[in-house]
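Coordinates from protein-v8.txt are shown below (compact mmCIF, C-alpha atoms).
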# COMPACT_ATOMS: atom_id res chain seq x y z
CA PRO A 24 150.78 -39.60 163.22
CA LEU A 25 152.76 -36.52 162.17
CA PHE A 26 150.95 -36.26 158.79
CA LYS A 27 147.66 -36.92 160.48
CA ASN A 28 148.12 -33.94 162.81
CA LEU A 29 149.24 -31.83 159.86
CA ASN A 30 146.10 -32.71 157.95
CA ILE A 31 143.96 -31.70 160.93
CA LYS A 32 145.74 -28.33 161.16
CA ILE A 33 145.36 -27.70 157.43
CA ASP A 34 141.71 -28.68 157.57
CA ASN A 35 141.03 -26.37 160.53
CA HIS A 36 142.89 -23.54 158.79
CA PHE A 37 140.82 -24.04 155.63
CA ARG A 38 137.57 -24.03 157.59
CA LEU A 39 138.59 -20.84 159.36
CA ARG A 40 139.36 -19.15 156.06
CA LEU A 41 136.09 -20.35 154.62
CA PHE A 42 134.25 -19.00 157.66
CA TRP A 43 135.81 -15.56 157.32
CA LEU A 44 135.25 -15.57 153.60
CA LEU A 45 131.54 -16.19 154.19
CA VAL A 46 131.46 -13.46 156.86
CA VAL A 47 133.11 -10.96 154.51
CA LEU A 48 130.79 -11.87 151.63
CA ALA A 49 127.71 -11.60 153.88
CA CYS A 50 128.81 -8.22 155.20
CA LEU A 51 129.63 -7.03 151.69
CA GLY A 52 126.20 -8.18 150.52
CA GLY A 53 124.55 -6.42 153.47
CA PHE A 54 126.44 -3.23 152.67
CA ILE A 55 125.48 -3.35 148.97
CA PHE A 56 121.84 -3.94 149.91
CA GLN A 57 121.82 -0.97 152.31
CA PHE A 58 123.74 1.15 149.80
CA VAL A 59 121.08 0.53 147.12
CA LEU A 60 118.31 1.37 149.61
CA LEU A 61 120.02 4.64 150.54
CA ILE A 62 120.51 5.65 146.91
CA ARG A 63 116.86 4.87 146.13
CA LYS A 64 115.77 6.88 149.16
CA TYR A 65 117.81 9.85 148.00
CA LEU A 66 116.49 9.62 144.43
CA THR A 67 112.86 9.82 145.61
CA TYR A 68 113.62 13.50 146.38
CA GLY A 69 111.18 13.63 149.27
CA VAL A 70 110.40 16.90 151.03
CA ASN A 71 109.50 18.00 154.54
CA THR A 72 107.10 20.89 155.13
CA GLU A 73 108.11 23.27 157.88
CA THR A 74 105.68 25.73 159.45
CA LYS A 75 106.93 28.96 160.94
CA LEU A 76 104.91 31.71 162.64
CA GLU A 77 106.08 35.30 162.25
CA PHE A 78 104.66 38.51 163.71
CA SER A 79 104.90 41.89 162.02
CA GLU A 80 102.81 44.51 160.25
CA ARG A 81 101.53 43.38 156.86
CA PRO A 82 100.47 45.10 153.62
CA PHE A 83 96.69 45.18 153.37
CA PRO A 84 95.45 42.89 150.56
CA ALA A 85 93.57 44.00 147.48
CA VAL A 86 89.79 43.55 147.73
CA THR A 87 87.61 43.04 144.65
CA ILE A 88 83.83 43.30 145.08
CA CYS A 89 81.47 42.33 142.27
CA HIS A 90 77.69 42.62 142.07
CA LEU A 91 76.04 39.25 141.41
CA ASN A 92 73.74 41.03 138.96
CA PRO A 93 76.18 42.28 136.30
CA TRP A 94 73.82 44.69 134.52
CA ARG A 95 71.00 47.01 135.62
CA ALA A 96 67.69 45.92 134.13
CA ASP A 97 66.37 49.51 133.99
CA SER A 98 69.19 50.40 131.57
CA LEU A 99 68.22 47.54 129.26
CA ASN A 100 64.43 47.82 129.24
CA ASP A 101 64.39 50.33 126.41
CA SER A 102 66.53 48.17 124.16
CA ASP A 103 64.91 45.88 121.62
CA TYR A 104 66.96 42.86 122.61
CA MET A 105 66.02 42.74 126.30
CA SER A 106 62.85 40.71 125.86
CA SER A 107 64.54 38.50 123.28
CA MET A 108 67.34 37.66 125.66
CA ALA A 109 65.00 37.03 128.57
CA VAL A 110 63.07 34.51 126.50
CA LYS A 111 65.89 32.82 124.63
CA LEU A 112 68.74 32.86 127.11
CA THR A 113 69.09 31.79 130.69
CA SER A 114 72.37 30.16 131.61
CA LEU A 115 74.25 31.80 128.71
CA ALA A 116 72.88 35.30 129.15
CA ASN A 117 75.84 36.95 130.82
CA LYS A 118 78.25 35.61 128.19
CA HIS A 119 76.13 37.10 125.40
CA LEU A 120 75.83 40.46 127.12
CA PHE A 121 79.39 41.50 126.43
CA ALA A 122 79.01 40.98 122.69
CA MET A 123 75.54 42.51 122.54
CA ILE A 124 76.24 45.63 124.60
CA GLY A 125 79.06 46.52 122.23
CA GLN A 126 76.83 46.04 119.16
CA SER A 127 73.69 47.73 120.46
CA GLY A 128 74.95 51.25 121.06
CA VAL A 129 73.27 51.24 124.47
CA GLU A 130 75.11 53.02 127.28
CA ASN A 131 77.03 50.59 129.50
CA PRO A 132 74.42 49.35 132.02
CA ALA A 133 76.97 48.10 134.57
CA TYR A 134 76.86 49.18 138.21
CA MET A 135 79.20 52.06 138.97
CA TYR A 136 80.73 52.77 142.38
CA ASP A 137 78.07 55.29 143.38
CA ASP A 138 75.31 52.89 142.31
CA ILE A 139 76.20 50.25 144.88
CA VAL A 140 78.33 51.77 147.67
CA ILE A 141 76.48 53.56 150.47
CA SER A 142 79.44 54.09 152.81
CA CYS A 143 83.06 53.04 153.04
CA THR A 144 85.66 53.22 155.81
CA TYR A 145 89.22 51.96 156.12
CA ASN A 146 91.08 52.03 159.42
CA ALA A 147 88.09 53.92 160.90
CA LYS A 148 88.47 56.71 158.31
CA ALA A 149 86.04 57.40 155.47
CA CYS A 150 87.07 56.35 151.97
CA ASN A 151 85.55 57.44 148.65
CA GLY A 152 85.26 56.40 145.03
CA SER A 153 88.69 57.79 144.10
CA GLU A 154 90.26 55.05 146.22
CA TRP A 155 88.51 52.33 144.22
CA LYS A 156 89.41 51.09 140.77
CA ALA A 157 86.97 49.65 138.21
CA PHE A 158 87.70 46.14 136.96
CA GLN A 159 85.82 44.40 134.13
CA ASP A 160 85.12 40.75 134.95
CA PRO A 161 83.72 38.44 132.22
CA ASP A 162 81.22 36.84 134.61
CA PHE A 163 80.19 39.66 136.97
CA GLY A 164 80.54 42.75 134.81
CA LEU A 165 82.05 45.89 136.31
CA CYS A 166 83.65 45.16 139.70
CA GLN A 167 85.22 47.56 142.18
CA GLN A 168 88.75 47.03 143.52
CA PHE A 169 90.14 48.55 146.71
CA ASN A 170 93.84 49.06 147.49
CA MET A 171 95.09 48.11 144.03
CA ASP A 172 97.43 51.09 143.64
CA GLU A 173 97.95 52.24 147.23
CA LYS A 174 100.44 50.77 149.69
CA ARG A 175 98.29 50.48 152.79
CA VAL A 176 99.87 48.65 155.71
CA SER A 177 98.03 47.10 158.67
CA SER A 178 99.65 47.09 162.10
CA ARG A 179 96.53 46.20 164.11
CA ALA A 180 94.10 43.29 163.87
CA GLY A 181 90.32 43.53 164.03
CA PRO A 182 87.38 44.96 162.02
CA LEU A 183 88.01 48.52 163.20
CA TYR A 184 91.38 48.57 161.43
CA GLY A 185 90.25 47.04 158.16
CA LEU A 186 87.85 47.81 155.32
CA ARG A 187 84.12 48.23 156.00
CA VAL A 188 81.69 48.77 153.13
CA VAL A 189 77.91 49.14 153.22
CA MET A 190 76.40 48.34 149.82
CA ARG A 191 73.02 48.21 148.13
CA THR A 192 71.99 45.23 146.00
CA ASP A 193 69.26 47.02 144.00
CA GLN A 194 67.16 43.86 143.64
CA GLU A 195 64.35 45.61 141.79
CA ASN A 196 66.74 45.98 138.85
CA TYR A 197 67.91 42.37 138.69
CA LEU A 198 67.92 40.57 135.36
CA PRO A 199 65.45 37.68 135.04
CA TRP A 200 68.18 35.03 134.94
CA THR A 201 70.19 36.27 137.96
CA GLU A 202 69.63 33.47 140.46
CA ALA A 203 71.23 34.89 143.64
CA SER A 204 71.38 38.37 145.16
CA GLY A 205 74.27 40.06 146.88
CA VAL A 206 77.93 40.54 146.05
CA VAL A 207 81.00 38.33 145.70
CA VAL A 208 84.24 39.36 147.43
CA ALA A 209 87.72 38.25 146.35
CA ILE A 210 90.74 38.92 148.59
CA HIS A 211 94.05 38.66 146.75
CA ASN A 212 97.47 40.10 146.05
CA LYS A 213 97.60 43.29 144.02
CA SER A 214 99.63 41.57 141.30
CA ASP A 215 97.18 38.64 140.93
CA PRO A 216 94.03 38.53 138.80
CA PRO A 217 91.14 38.21 141.29
CA PHE A 218 89.07 35.41 139.64
CA PRO A 219 85.99 36.08 141.83
CA ASP A 220 84.08 33.22 140.19
CA VAL A 221 86.35 30.60 141.80
CA LEU A 222 88.19 32.47 144.58
CA GLY A 223 85.39 34.75 145.79
CA TYR A 224 83.11 34.63 148.85
CA TYR A 225 79.41 35.46 148.66
CA ALA A 226 77.94 38.20 150.87
CA PRO A 227 74.10 38.09 150.82
CA PRO A 228 71.77 41.04 151.49
CA GLY A 229 70.42 41.49 155.01
CA THR A 230 73.71 40.31 156.53
CA ALA A 231 76.99 41.70 157.81
CA SER A 232 79.70 39.45 156.36
CA SER A 233 82.87 39.50 158.42
CA MET A 234 85.95 38.21 156.57
CA GLY A 235 88.97 37.65 158.79
CA VAL A 236 92.19 37.36 156.79
CA GLN A 237 95.46 35.64 157.60
CA TYR A 238 98.51 35.96 155.36
CA VAL A 239 100.19 32.72 154.27
CA MET A 240 103.55 32.48 152.50
CA THR A 241 104.25 29.15 150.76
CA SER A 242 107.68 28.19 149.42
CA ARG A 243 107.95 24.97 147.40
CA LYS A 244 111.06 23.11 146.29
CA GLY A 245 111.64 23.11 142.55
CA PRO A 246 112.93 20.26 140.40
CA PRO A 247 113.99 17.55 141.08
CA TYR A 248 112.06 17.70 144.38
CA GLY A 249 108.82 18.97 142.85
CA THR A 250 107.19 20.22 139.66
CA CYS A 251 106.68 23.85 140.66
CA THR A 252 107.85 26.65 138.41
CA ASN A 253 109.97 29.69 139.25
CA GLN A 254 108.38 31.62 136.40
CA LYS A 255 107.81 35.17 137.61
CA GLU A 256 105.92 36.67 134.70
CA VAL A 257 103.16 35.22 132.55
CA SER A 258 104.42 34.12 129.15
CA PHE A 259 101.22 32.55 127.83
CA ALA A 260 98.87 34.25 125.43
CA ASN A 261 95.83 35.60 127.26
CA TYR A 262 96.95 36.95 130.65
CA LYS A 263 99.55 39.47 131.68
CA GLY A 264 101.29 40.03 134.98
CA LYS A 265 102.48 37.69 137.68
CA TYR A 266 102.33 33.96 136.99
CA GLN A 267 99.28 32.24 138.45
CA THR A 268 98.16 28.64 137.93
CA GLU A 269 94.49 29.53 137.42
CA ALA A 270 95.44 32.12 134.78
CA CYS A 271 97.59 29.53 133.02
CA PHE A 272 94.75 26.99 132.95
CA ARG A 273 92.30 29.56 131.58
CA SER A 274 94.71 30.71 128.91
CA CYS A 275 95.33 27.09 127.93
CA LEU A 276 91.57 26.43 127.75
CA GLN A 277 91.01 29.58 125.67
CA THR A 278 93.71 28.49 123.23
CA GLU A 279 92.06 25.08 122.87
CA ILE A 280 88.60 26.68 122.38
CA ILE A 281 89.98 28.85 119.57
CA LYS A 282 91.59 25.78 118.02
CA GLN A 283 88.54 23.50 118.28
CA CYS A 284 85.62 25.95 117.99
CA GLY A 285 87.09 28.67 115.77
CA CYS A 286 86.14 31.46 118.21
CA TYR A 287 87.10 32.76 121.64
CA ASP A 288 85.05 32.49 124.84
CA PRO A 289 84.38 36.02 126.22
CA SER A 290 84.11 34.61 129.75
CA LEU A 291 87.87 33.95 129.53
CA SER A 292 90.49 36.60 128.94
CA TYR A 293 91.53 37.01 125.30
CA LEU A 294 94.35 39.29 124.11
CA GLY A 295 94.63 38.07 120.53
CA GLY A 296 93.00 41.03 118.82
CA SER A 297 90.11 41.04 116.34
CA SER A 298 91.33 38.27 114.05
CA THR A 299 89.32 35.67 116.00
CA PRO A 300 85.55 36.25 116.48
CA SER A 301 83.69 35.92 119.76
CA CYS A 302 81.76 32.70 120.30
CA PHE A 303 78.70 34.74 121.31
CA VAL A 304 77.06 37.20 118.96
CA SER A 305 73.95 39.34 119.12
CA ALA A 306 70.93 37.38 120.34
CA THR A 307 68.53 39.75 118.57
CA ASP A 308 69.55 38.16 115.30
CA SER A 309 67.85 34.76 115.10
CA SER A 310 70.27 33.56 112.43
CA THR A 311 73.27 34.15 114.68
CA PHE A 312 71.63 32.86 117.86
CA SER A 313 71.80 29.26 116.64
CA LYS A 314 75.48 29.80 115.85
CA SER A 315 76.06 31.01 119.41
CA ALA A 316 74.27 27.94 120.76
CA ALA A 317 76.48 25.68 118.64
CA ASN A 318 79.57 27.50 119.88
CA GLN A 319 78.38 27.06 123.46
CA ALA A 320 77.96 23.32 122.87
CA CYS A 321 81.55 23.19 121.59
CA ILE A 322 82.79 25.09 124.66
CA ASP A 323 80.81 22.86 127.02
CA ASN A 324 82.33 19.78 125.46
CA LEU A 325 85.82 21.14 126.15
CA SER A 326 85.03 22.54 129.60
CA ASN A 327 83.11 19.53 130.90
CA THR A 328 85.38 17.71 133.34
CA ALA A 329 83.36 14.49 132.91
CA SER A 330 83.94 14.34 129.17
CA SER A 331 86.67 12.26 127.61
CA GLY A 332 87.93 15.21 125.58
CA PHE A 333 90.10 18.08 126.83
CA ASN A 334 91.57 17.67 130.33
CA LEU A 335 93.20 20.73 131.87
CA ILE A 336 95.50 18.76 134.17
CA LYS A 337 96.74 16.36 131.47
CA ASP A 338 96.57 18.61 128.41
CA CYS A 339 98.10 21.72 130.00
CA PRO A 340 101.32 20.30 131.49
CA GLU A 341 102.95 23.72 131.40
CA CYS A 342 100.54 24.96 134.10
CA LYS A 343 102.43 24.11 137.26
CA GLN A 344 102.17 25.43 140.80
CA PRO A 345 104.41 28.45 141.41
CA CYS A 346 107.34 27.82 143.77
CA GLU A 347 106.61 31.01 145.71
CA VAL A 348 102.98 31.76 146.60
CA GLN A 349 101.55 34.59 148.69
CA SER A 350 97.94 33.90 149.60
CA TYR A 351 95.27 34.77 152.15
CA SER A 352 93.35 32.36 154.33
CA VAL A 353 89.85 33.77 154.88
CA THR A 354 87.41 32.98 157.70
CA VAL A 355 83.85 34.16 157.00
CA SER A 356 81.15 34.74 159.60
CA THR A 357 77.79 36.49 159.21
CA ALA A 358 75.28 38.36 161.36
CA GLN A 359 71.96 40.12 160.74
CA TRP A 360 72.22 43.52 159.09
CA PRO A 361 70.92 45.96 160.08
CA SER A 362 69.85 45.02 163.61
CA ASN A 363 66.29 45.67 164.71
CA GLU A 364 67.34 48.73 166.71
CA TYR A 365 69.88 50.23 164.33
CA LYS A 366 68.65 53.06 162.12
CA PRO A 367 70.81 54.01 159.11
CA ALA A 368 71.34 57.71 158.49
CA GLU A 369 69.24 57.59 155.31
CA CYS A 370 66.24 56.32 157.29
CA THR A 371 66.37 59.08 159.91
CA SER A 372 66.78 61.84 157.33
CA SER A 373 63.78 64.07 156.66
CA ASN A 374 64.78 64.39 153.01
CA GLN A 375 64.20 61.03 151.31
CA THR A 376 63.13 62.39 147.94
CA GLY A 377 63.91 60.00 145.08
CA LYS A 378 64.79 57.11 147.35
CA PRO A 379 63.88 53.66 146.01
CA TRP A 380 61.59 52.78 148.95
CA LEU A 381 59.29 55.75 148.25
CA ALA A 382 56.80 56.35 145.47
CA PRO A 383 57.09 59.71 143.66
CA GLY A 384 55.80 62.49 145.92
CA GLU A 385 55.55 60.24 148.97
CA PRO A 386 56.91 61.78 152.23
CA ALA A 387 59.82 60.36 154.22
CA ASN A 388 58.99 57.05 155.85
CA GLU A 389 61.38 55.51 158.35
CA MET A 390 59.64 52.13 158.49
CA LEU A 391 59.69 51.68 154.70
CA CYS A 392 63.36 52.66 154.68
CA LEU A 393 64.25 50.09 157.36
CA ALA A 394 62.31 47.37 155.54
CA TRP A 395 64.09 48.24 152.29
CA TYR A 396 67.48 48.17 154.03
CA LYS A 397 66.92 44.66 155.35
CA ILE A 398 66.23 43.34 151.84
CA ASN A 399 68.49 45.46 149.66
CA THR A 400 71.65 46.26 151.62
CA LEU A 401 74.57 44.40 153.13
CA MET A 402 77.79 45.11 154.97
CA VAL A 403 81.22 43.62 154.23
CA GLU A 404 84.19 43.77 156.60
CA VAL A 405 87.69 42.70 155.53
CA TYR A 406 90.45 42.77 158.13
CA TYR A 407 93.40 40.87 159.54
CA GLU A 408 92.12 38.56 162.25
CA ARG A 409 95.64 38.35 163.70
CA MET A 410 98.95 39.95 162.84
CA ASN A 411 100.99 36.77 163.01
CA TYR A 412 101.30 34.94 159.72
CA GLN A 413 102.36 31.51 158.50
CA ILE A 414 105.40 30.64 156.41
CA LEU A 415 105.15 27.17 154.89
CA SER A 416 108.44 26.08 153.37
CA GLU A 417 109.56 22.81 151.85
CA SER A 418 113.03 21.42 152.46
CA ALA A 419 114.78 18.30 151.20
CA ALA A 420 113.85 15.34 153.38
CA TYR A 421 117.13 13.57 152.53
CA THR A 422 120.13 15.66 151.55
CA ILE A 423 123.44 14.66 149.96
CA VAL A 424 125.11 15.26 153.33
CA GLY A 425 122.73 12.78 154.95
CA LEU A 426 123.38 10.28 152.16
CA ILE A 427 127.17 10.44 152.60
CA SER A 428 126.81 10.18 156.36
CA ASP A 429 124.58 7.11 156.12
CA ILE A 430 126.85 5.41 153.57
CA GLY A 431 129.78 6.00 155.91
CA GLY A 432 127.82 4.47 158.76
CA GLN A 433 127.00 1.39 156.70
CA ILE A 434 130.65 0.99 155.66
CA GLY A 435 131.68 1.12 159.30
CA LEU A 436 128.94 -1.30 160.38
CA PHE A 437 129.35 -3.96 157.69
CA LEU A 438 132.98 -3.59 156.60
CA GLY A 439 134.57 -2.14 159.72
CA MET A 440 136.10 0.70 157.75
CA SER A 441 136.51 4.41 158.41
CA ILE A 442 137.98 7.27 156.42
CA ILE A 443 141.39 6.59 157.98
CA SER A 444 141.30 2.86 157.20
CA ILE A 445 140.15 3.57 153.64
CA ILE A 446 143.07 5.98 153.20
CA GLU A 447 145.42 3.38 154.68
CA PHE A 448 144.08 0.71 152.33
CA ALA A 449 144.42 3.04 149.33
CA THR A 450 147.98 3.87 150.41
CA LEU A 451 148.80 0.16 150.68
CA ILE A 452 147.48 -0.50 147.16
CA PHE A 453 149.50 2.43 145.84
CA LEU A 454 152.69 1.21 147.51
CA LEU A 455 152.19 -2.33 146.21
CA PHE A 456 151.83 -1.04 142.65
CA TYR A 457 154.81 1.22 143.16
CA TYR A 458 157.07 -1.56 144.40
CA CYS A 459 155.89 -3.96 141.72
CA CYS A 460 156.59 -1.44 138.99
CA SER A 461 159.99 -0.59 140.51
CA HIS A 462 160.90 -4.30 140.74
CA LYS A 463 160.03 -4.88 137.07
CA GLN A 464 162.18 -1.93 135.98
CA ARG A 465 165.15 -3.38 137.85
Just dump the structure as structure tokens.
Amino acid sequence: PLFKNLNIKIDNHFRLRLFWLLVVLACLGGFIFQFVLLIRKYLTYGVNTETKLEFSERPFPAVTICHLNPWRADSLNDSDYMSSMAVKLTSLANKHLFAMIGQSGVENPAYMYDDIVISCTYNAKACNGSEWKAFQDPDFGLCQQFNMDEKRVSSRAGPLYGLRVVMRTDQENYLPWTEASGVVVAIHNKSDPPFPDVLGYYAPPGTASSMGVQYVMTSRKGPPYGTCTNQKEVSFANYKGKYQTEACFRSCLQTEIIKQCGCYDPSLSYLGGSSTPSCFVSATDSSTFSKSAANQACIDNLSNTASSGFNLIKDCPECKQPCEVQSYSVTVSTAQWPSNEYKPAECTSSNQTGKPWLAPGEPANEMLCLAWYKINTLMVEVYYERMNYQILSESAAYTIVGLISDIGGQIGLFLGMSIISIIEFATLIFLLFYYCCSHKQR
């Protein structure tokens, strides 16, 4: 009976040890599983986007306004290539113009400030041509830029405290292939190329286009949380100034066009000098026109997003989003311009000699002037719609501090350990080794 009771005690003791061994192994397995999940969560490098609203006075943005008709037809009528271009070229006409104007010896037929601006005010005060800067755009010809060099600051919101420009569209001098009338307006930072073809807003004649602006500051996390770049200055070939993704893509495309087509596209910036010819040459020369058409086909093949050839996103990996971006959110609304009761100063003047709505020698005519205004003029207003602005900033969704904290929580939950118990356990191991080594030496 004595041995029988002993066997029962030993058996119960063994089962108890086995039970605790299974508990420890299960808890250890649970901890390892949670530990792996936490490490994987951290290595995803997720981000949270925080939105903050601030209120203060803001620098007024730069405003670039381009005429949708890049060249005056009356300046080209006397040239021998005008009729040739009108017949041969439609969609490619503006690209050819840059090459042909330089070769023809004809005076630059672009619209100057005085050709298109009737009146200009900023902050309820008159502005003039000296406050505007000419800018040559490959698609729209000579554009006018406001506030590029000055440091104007807005402290009030509303149209009265912004830029107001009344402009003429001069539709009787439109080129045959110009499809739309009016102007395109780009609102941007002074250090950024405007790119009115992709970032601009159309303002049609006969309307007052009101463009309310709100400043937005975006701050992205760089690697390993994202792929943005902290590059401050442009290092690629065909654009200078502050880094911009669109400029990077265009420079990359221009480089590929030169490589594949053996010429540069004048609708994209090119700073490589005269060693590479333009893809578009004089259309008056029938032998070179076919070459221009072939070059255009090569460019289209590269630029076509549906083709299986060059892909800007995949083939220009260096063109990343900047980590710090200052941009403007624009809200556009329109109204009739001028109203039925409003009479512009030009229409009430008794001296209308040489005005486009009158035939030579015809006396002043208010009704003809008003009718002309409704078809050939427009008004653009650019202003801050509110003085508060957004700051969008990315932050790490899961930091190293959070990781350590969660690992500590899992150790406490599954293994019942804390920092103190871990230190005690480490001390015990150290003492055991110490005593063992001391005993062997004795």
Among the residues A:Thr144, A:Asn253, A:Thr422, A:Gln319, the one that comes closest to Lys64 of chain A [using only C-alpha atoms]: A:Thr422
Measuring atom to atom with only C-alpha atoms, identify which of A:Ser373, A:Ile442, A:Cys271, A:Asp172 is nearest to Ile427 of chain A. A:Ile442
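One distance worth recording is that between atom CA of Asp193 of chain A and atom CA of Ala368 of chain A, which is 18.1 Å.
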With only C-alpha atoms as the basis for distance, which of A:Tyr134, A:Tyr365, A:Phe272, A:Tyr396 is at the shortest distance from Cys166 of chain A? A:Tyr134
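Computed from the coordinates, the atom CA of Gln277 of chain A to atom CA of Asn324 of chain A distance equals 13.1 Å.
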Do you know which residues are at most 9 Å from segment 145-155 of chain A counting all atoms listed in the file, after dropping those on the same chain fewer than 2 positions away, and could you put them as a ChimeraX atom specification? /A:136-137,140,142-143,157,167-173,177,182-188
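Rounded to one decimal, atom CA of Val236 of chain A and atom CA of Leu401 of chain A lie 19.3 Å from each other.
Taking all atoms listed in the file into account, Lys378 of chain A lies nearest to A:Cys392 out of the set A:Val46, A:Met240, A:Cys392, A:Val176.
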Could you give me, as CSV, a per-residue list for segment 211-236 of chain A showing, wherever an atom lies at most 10 Å from an atom of segment 339-349 of chain A, the closest pair of atoms and their distance in Å to one decimal, using only C-alpha atoms and sorting by chain then residue number from low to high?
residue,atom,partner,partner_atom,distance
A:His211,CA,A:Gln349,CA,8.8
A:Asn212,CA,A:Gln349,CA,7.3
A:Asp215,CA,A:Gln349,CA,9.8
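Omitting Asn411 of chain A and its sequence neighbours fewer than 6 positions away, and counting all atoms listed in the file, the residues within 7 Å are Leu76, Glu77, Phe78 and Ser79 of chain A.
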Any chance you can output those residues with C-alpha atoms as an mmCIF file, in the frame of the given file?
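So out_19.cif came out as:
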data_model
loop_
_atom_site.group_PDB
_atom_site.id
_atom_site.type_symbol
_atom_site.label_atom_id
_atom_site.label_comp_id
_atom_site.auth_asym_id
_atom_site.auth_seq_id
_atom_site.Cartn_x
_atom_site.Cartn_y
_atom_site.Cartn_z
ATOM 1 C CA LEU A 76 104.910 31.710 162.640
ATOM 2 C CA GLU A 77 106.080 35.300 162.250
ATOM 3 C CA PHE A 78 104.660 38.510 163.710
ATOM 4 C CA SER A 79 104.900 41.890 162.020
#
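Ranking A:Thr241, A:Pro300, A:Leu335, A:Phe456 by their shortest atom-to-atom distance to Thr72 of chain A, with only C-alpha atoms included, puts A:Thr241 first.
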Residues at most 8 Å from Met410 of chain A, counting all atoms listed in the file, excluding those fewer than 5 positions away in the same chain, as a PyMOL selection string? chain A and resi 78-81+178-180+237
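Comparing A:Tyr351, A:Tyr197, A:Tyr457, A:Phe303 by their smallest distance to Asn399 of chain A, the closest is A:Tyr197 (using all atoms listed in the file).
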Residues within 12 Å of Pro228 of chain A, please, as a PyMOL selection string. Count all atoms listed in the file; anything in the same chain fewer than 3 positions from it doesn't count. chain A and resi 90-91+189-194+203-207+225+231-232+357-361+395-403
Find the axis-aligned box for segment 188-202 of chain A, covering all its listed atoms and adding 3 Å on each side, and write its centre and edge lengths in Å to one decimal as JSON.
{"center_x": 73.0, "center_y": 41.3, "center_z": 144.1, "size_x": 23.3, "size_y": 21.7, "size_z": 24.3}
Near segment 57-62 of chain A, counting all atoms listed in the file, which residues have an atom at most 12 Å away, once you skip same-chain residues fewer than 6 positions from it, shown as an NGL selection string? :A and (50-51 or 68 or 421-423 or 425-434 or 436-437)
Student task, segment 423-443 of chain A output with C-alpha atoms as a PDB file, in the first residue's frame:
ATOM      1  CA  ILE A 423       9.303  52.324 -32.295  1.00  0.00           C
ATOM      2  CA  VAL A 424       8.006  53.532 -28.915  1.00  0.00           C
ATOM      3  CA  GLY A 425       4.633  51.945 -29.639  1.00  0.00           C
ATOM      4  CA  LEU A 426       6.339  48.736 -30.752  1.00  0.00           C
ATOM      5  CA  ILE A 427       8.366  48.436 -27.526  1.00  0.00           C
ATOM      6  CA  SER A 428       5.295  49.227 -25.449  1.00  0.00           C
ATOM      7  CA  ASP A 429       3.203  46.571 -27.190  1.00  0.00           C
ATOM      8  CA  ILE A 430       5.958  43.949 -26.921  1.00  0.00           C
ATOM      9  CA  GLY A 431       6.192  44.688 -23.202  1.00  0.00           C
ATOM     10  CA  GLY A 432       2.444  44.264 -22.886  1.00  0.00           C
ATOM     11  CA  GLN A 433       2.546  40.909 -24.658  1.00  0.00           C
ATOM     12  CA  ILE A 434       5.416  39.715 -22.432  1.00  0.00           C
ATOM     13  CA  GLY A 435       3.390  40.639 -19.368  1.00  0.00           C
ATOM     14  CA  LEU A 436       0.218  39.019 -20.714  1.00  0.00           C
ATOM     15  CA  PHE A 437       1.657  35.717 -21.947  1.00  0.00           C
ATOM     16  CA  LEU A 438       4.776  35.246 -19.805  1.00  0.00           C
ATOM     17  CA  GLY A 439       3.873  37.211 -16.691  1.00  0.00           C
ATOM     18  CA  MET A 440       7.098  39.176 -16.861  1.00  0.00           C
ATOM     19  CA  SER A 441       7.951  42.825 -16.313  1.00  0.00           C
ATOM     20  CA  ILE A 442      11.164  44.814 -16.543  1.00  0.00           C
ATOM     21  CA  ILE A 443      11.880  44.062 -12.873  1.00  0.00           C
TER      22      ILE A 443
END
